[in-house]
Amino acid sequence: MTERVLETTNQLGVDLSLNTIGQQEIAPDIDRMAYNGQILVVGDGIPEGLDLDGRALTIARIALGGVYRSDNGAQIHDLAIMAESLATMVMHHELVAPVDWLVPMQDVKAAMVAVKAGTAQGKISVKVQ
């Protein structure tokens, strides 16, 4: 994925990465970033020892599910509004997730091999019948 991002951006990298995969993709994200870029990590855990200073990068962590542990009714309500807005955007085709493969359940093993090998560029969706 890094090669494709750099090719598409004329080797400049992207200004913003929304990382929904997690820890294993944060370090590779750094190689895809433009100077002063920002990585938004959805979920828990940011590995230590990342070189952010080389490109003046920022990492922000978004742990939306954690709000349920807060007992803060207003934040839980805000999360519901965000989820509803996101669903509306998807239904109106205003937001499209990159789906590399749509695989039937029997091909999940092959899809996971591709993920592990790094050859899957987008998301892999499994069709459950």
# chains A, B, ... in the order shown; residues from 1 in each chain; ligands from 1

call {"tool": "residues_around", "arguments": {"residues": "Thr20 of chain A", "least_positions_apart": "6", "cutoff": "10 Å", "atoms": "only C-alpha atoms", "output": "ChimeraX atom specification"}}
result
/A:26,40-43,62

call {"tool": "select_by_dssp", "arguments": {"residues": "chain A", "states": "helix (DSSP H, G or I)", "output": "count of residues only"}}
result
57

call {"tool": "select_by_dssp", "arguments": {"residues": "chain A", "states": "strand (DSSP E or B)", "output": "PyMOL selection string"}}
result
chain A and resi 14-19+33-42+58-62+99-104+123-127

call {"tool": "atom_distance", "arguments": {"atom1": "atom CA of Ser125 of chain A", "atom2": "atom CA of Ala111 of chain A"}}
result
9.3 Å

call {"tool": "atom_distance", "arguments": {"atom1": "atom CA of Met112 of chain A", "atom2": "atom CA of Pro28 of chain A"}}
result
18.8 Å
